[in-house]
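Below is one structure, written out as structure tokens; comments come after it.
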Amino acid sequence: MEIINLIHLFPLALFLLPLPTIHGYSSGAPGGQCQMMMPQHGAKPQDPGTSPFNITISSVSITNSDTLNVSIVSDLGNYFEGFLLKAVTIPGGKTVGTFKILEVANGGPEEEEDASSSEESDESGESDKEPNVQNGKQISAGAKYLKCAGARSAVTHNDGGHKTSLEVEWMPSMKYVGEVRMVATVVKGFYTFWVNVQSETVKVSKS
């Protein structure tokens with residue numbers, strides 16, 4: 001009789017087991033996402049043509065001793081919670097150059113977050129260990145450096161707050177000559193994100 005009762009209870013025990021949690025990274029993309037730039041949120045990215053976010057650049061031609069102002073800007077009424085931004089060579093897609101974080105504009109409409117946003121993890125993986133300090137001062141909250149191909153070679157978020165824009169400065173390697181493009185993954189919510197958002201092509205010539 002006891003064996004029969006255990007057999008009947010086994011399916012109930014399986015039903016009561018907790019389901020595995022799919023974690024995001026509210027404190028920034030992990031270093032392991034540098035190549036694919038695909039959030040592990042259990043969802044497919046949105047159509048790039050529908051992105052309400054754009055990458056703007058201050059020039060389409062610089063020398064390898066110049067700097068380039070780069071911004072991620074949201075359409076009016078939109079906001080993003082997370083991002084991963086880097087510069088890649090054309091062709092080849094190799095991460096190149098370094099960034100300096102200038103400003104993160106926080107805000108945006110208060111909307112109900114995706115159901116899984118409360119399950120996000122604070123573990124950010126292989127972030128750049130260099131602190132977000134410039135000229136002896138703590139830089140703008142909302143962004144931090146990520147080591148994809150050297151220190152400060154990418155920028156990601158460091159909190160899950162609503163952001164309307166990001167402004168950074170990009171510097172090519174003094175040895176690099178060729179074309180580059182800024183690429184980003186931009187996350188609006190746990191299940192709503194865009195991958196491979198691109199800027200115009202930038203030509204880098206010898207100074």
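Ligands are numbered from 1 in the order shown, chains are lettered A, B, ... in the order of the structure tokens, and residues start at 1 in each chain.
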| Quick one: residues within 10 Å of A:Gly150, only C-alpha atoms counted, chain neighbours fewer than 4 positions away excluded, as a list in words? | Thr95, Val96, Gly97, Thr98, Asp128, Leu146 and Ala154 of chain A
Next, the residues of the selection above should be written as a compact mmCIF listing (two decimals), in the first residue's frame with C-alpha atoms.
# COMPACT_ATOMS: atom_id res chain seq x y z
CA THR A 95 36.56 45.17 -31.77
CA VAL A 96 38.79 48.23 -31.99
CA GLY A 97 39.53 51.44 -30.08
CA THR A 98 38.63 52.70 -26.61
CA ASP A 128 36.33 46.08 -17.03
CA LEU A 146 33.54 46.45 -20.51
CA ALA A 154 33.18 48.60 -24.96
Shortest contact to A:Asp75, candidates A:Thr63, A:Thr164, A:Thr192, A:Asn106, atoms counted only C-alpha atoms, goes to A:Thr164
One residue among A:Ala151, A:Val168, A:Ile62, A:Ala184 is nearest to A:Leu85 when using only C-alpha atoms, and that residue is A:Ala184
- Task: Please provide the set of residues having any atom within 10 Å of A:Asn196, restricted to only C-alpha atoms, with same-chain residues fewer than 2 positions apart removed, written as a PyMOL selection string.
- Result: chain A and resi 36-38+45+48+84-85+182-186+194+198-199
Pull N, CA, C and O atoms from the residues just selected and write them as a short mmCIF file (atom, residue, chain, number, x, y, z; two decimals), in the first residue's frame.
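Output contents, as saved in part.cif:
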data_model
loop_
_atom_site.label_atom_id
_atom_site.label_comp_id
_atom_site.auth_asym_id
_atom_site.auth_seq_id
_atom_site.Cartn_x
_atom_site.Cartn_y
_atom_site.Cartn_z
N MET A 36 28.84 37.91 -29.70
CA MET A 36 27.51 37.77 -30.30
C MET A 36 26.59 38.94 -29.94
O MET A 36 25.67 39.25 -30.69
N MET A 37 26.81 39.56 -28.79
CA MET A 37 25.99 40.68 -28.32
C MET A 37 24.51 40.32 -28.25
O MET A 37 23.64 41.15 -28.53
N MET A 38 24.23 39.08 -27.87
CA MET A 38 22.86 38.58 -27.80
C MET A 38 22.46 38.36 -26.34
O MET A 38 23.02 37.49 -25.67
N PRO A 45 15.39 38.67 -30.81
CA PRO A 45 15.49 40.12 -30.95
C PRO A 45 14.41 40.67 -31.87
O PRO A 45 13.88 39.96 -32.73
N PRO A 48 15.41 44.76 -36.67
CA PRO A 48 16.24 45.98 -36.61
C PRO A 48 15.58 47.20 -37.22
O PRO A 48 15.82 48.33 -36.78
N LEU A 84 24.84 47.51 -24.94
CA LEU A 84 26.24 47.12 -25.12
C LEU A 84 26.70 47.77 -26.41
O LEU A 84 26.12 47.53 -27.47
N LEU A 85 27.71 48.62 -26.33
CA LEU A 85 28.19 49.39 -27.47
C LEU A 85 29.67 49.14 -27.69
O LEU A 85 30.46 49.16 -26.74
N MET A 182 30.09 51.69 -35.47
CA MET A 182 29.60 51.46 -34.11
C MET A 182 28.43 50.48 -34.18
O MET A 182 27.54 50.63 -35.03
N VAL A 183 28.43 49.50 -33.30
CA VAL A 183 27.33 48.54 -33.25
C VAL A 183 26.86 48.43 -31.79
O VAL A 183 27.66 48.54 -30.86
N ALA A 184 25.57 48.19 -31.63
CA ALA A 184 25.03 48.13 -30.27
C ALA A 184 23.88 47.15 -30.18
O ALA A 184 23.17 46.90 -31.16
N THR A 185 23.73 46.61 -28.99
CA THR A 185 22.51 45.92 -28.59
C THR A 185 21.82 46.85 -27.60
O THR A 185 22.46 47.35 -26.67
N VAL A 186 20.54 47.10 -27.82
CA VAL A 186 19.80 48.02 -26.95
C VAL A 186 18.58 47.29 -26.40
O VAL A 186 17.80 46.70 -27.15
N TRP A 194 16.87 44.99 -29.25
CA TRP A 194 17.33 45.06 -30.63
C TRP A 194 18.83 44.76 -30.67
O TRP A 194 19.59 45.29 -29.86
N GLN A 198 23.24 49.80 -35.86
CA GLN A 198 24.50 50.26 -36.45
C GLN A 198 24.52 51.76 -36.70
O GLN A 198 23.48 52.38 -36.94
N SER A 199 25.72 52.30 -36.67
CA SER A 199 25.93 53.70 -37.07
C SER A 199 26.34 53.74 -38.53
O SER A 199 26.50 52.71 -39.19
#
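Excluding A:Lys144 itself and any same-chain residue fewer than 3 positions from it, the protein and nucleic acid residues within 6 Å of it, counting only C-alpha atoms, are Val155, Thr156, His157 and Asn158 of chain A.
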May I have the selected residues written with all heavy atoms, as a JSON list (two decimals), in the first residue's frame?
[["chain", "number", "residue", "atom", "x", "y", "z"],
["A", 155, "VAL", "N", 31.26, 49.63, -23.91],
["A", 155, "VAL", "CA", 30.52, 50.30, -22.85],
["A", 155, "VAL", "C", 29.20, 49.57, -22.66],
["A", 155, "VAL", "O", 28.54, 49.19, -23.64],
["A", 155, "VAL", "CB", 30.26, 51.78, -23.19],
["A", 155, "VAL", "CG1", 29.47, 52.46, -22.07],
["A", 155, "VAL", "CG2", 31.56, 52.52, -23.43],
["A", 156, "THR", "N", 28.80, 49.36, -21.41],
["A", 156, "THR", "CA", 27.53, 48.73, -21.11],
["A", 156, "THR", "C", 26.87, 49.47, -19.94],
["A", 156, "THR", "O", 27.47, 50.36, -19.34],
["A", 156, "THR", "CB", 27.71, 47.23, -20.78],
["A", 156, "THR", "OG1", 26.43, 46.59, -20.66],
["A", 156, "THR", "CG2", 28.50, 47.02, -19.49],
["A", 157, "HIS", "N", 25.62, 49.11, -19.63],
["A", 157, "HIS", "CA", 24.90, 49.73, -18.53],
["A", 157, "HIS", "C", 25.38, 49.17, -17.19],
["A", 157, "HIS", "O", 25.97, 48.09, -17.15],
["A", 157, "HIS", "CB", 23.39, 49.47, -18.68],
["A", 157, "HIS", "CG", 23.04, 48.01, -18.75],
["A", 157, "HIS", "ND1", 23.26, 47.26, -19.88],
["A", 157, "HIS", "CD2", 22.51, 47.17, -17.83],
["A", 157, "HIS", "CE1", 22.87, 46.01, -19.65],
["A", 157, "HIS", "NE2", 22.41, 45.92, -18.41],
["A", 158, "ASN", "N", 25.11, 49.89, -16.13],
["A", 158, "ASN", "CA", 25.42, 49.35, -14.80],
["A", 158, "ASN", "C", 24.22, 49.41, -13.86],
["A", 158, "ASN", "O", 24.36, 49.23, -12.65],
["A", 158, "ASN", "CB", 26.63, 50.05, -14.17],
["A", 158, "ASN", "CG", 26.39, 51.52, -13.87],
["A", 158, "ASN", "OD1", 25.30, 52.05, -14.09],
["A", 158, "ASN", "ND2", 27.39, 52.20, -13.35]]
| message | Env of A:Gly92: 12 Å cut, atoms = only C-alpha atoms, seq-sep filter 4 positions within chain, self excluded. Answer as a PyMOL selection string. | response | chain A and resi 87-88+96+178-181
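We find atom CA of A:Gly49 and atom CA of A:Val73 to be spaced 15.3 Å apart.
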Practice task
Please run DSSP on the backbone and report, as a list in words, all residues within stretch 146-192 of chain A that come out as strand (DSSP E).
Solution key: Leu146, Ala154, Val155, Thr156, His157, Lys163, Thr164, Ser165, Leu166, Glu167, Val168, Glu169, Trp170, Met171, Gly178, Glu179, Val180, Arg181, Met182, Val183, Ala184, Thr185, Val186, Val187, Lys188, Gly189 and Thr192 of chain A
Taking 4 positions as the minimum chain separation for residues in the same chain, which residues sit within 8 Å of A:Ser51 when counting only C-alpha atoms? Answer as a short mmCIF file (atom, residue, chain, number, x, y, z; two decimals) with C-alpha atoms, in the first residue's frame.
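Done, and the output landed in part_37.cif:
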data_model
loop_
_atom_site.label_atom_id
_atom_site.label_comp_id
_atom_site.auth_asym_id
_atom_site.auth_seq_id
_atom_site.Cartn_x
_atom_site.Cartn_y
_atom_site.Cartn_z
CA GLN A 46 13.13 42.60 -32.56
CA ASP A 47 13.34 43.47 -36.26
CA TRP A 194 17.33 45.06 -30.63
CA VAL A 197 21.92 48.52 -34.26
#
Between atom CA of A:Thr89 and atom CA of A:Asn64 lies a distance of 13.3 Å
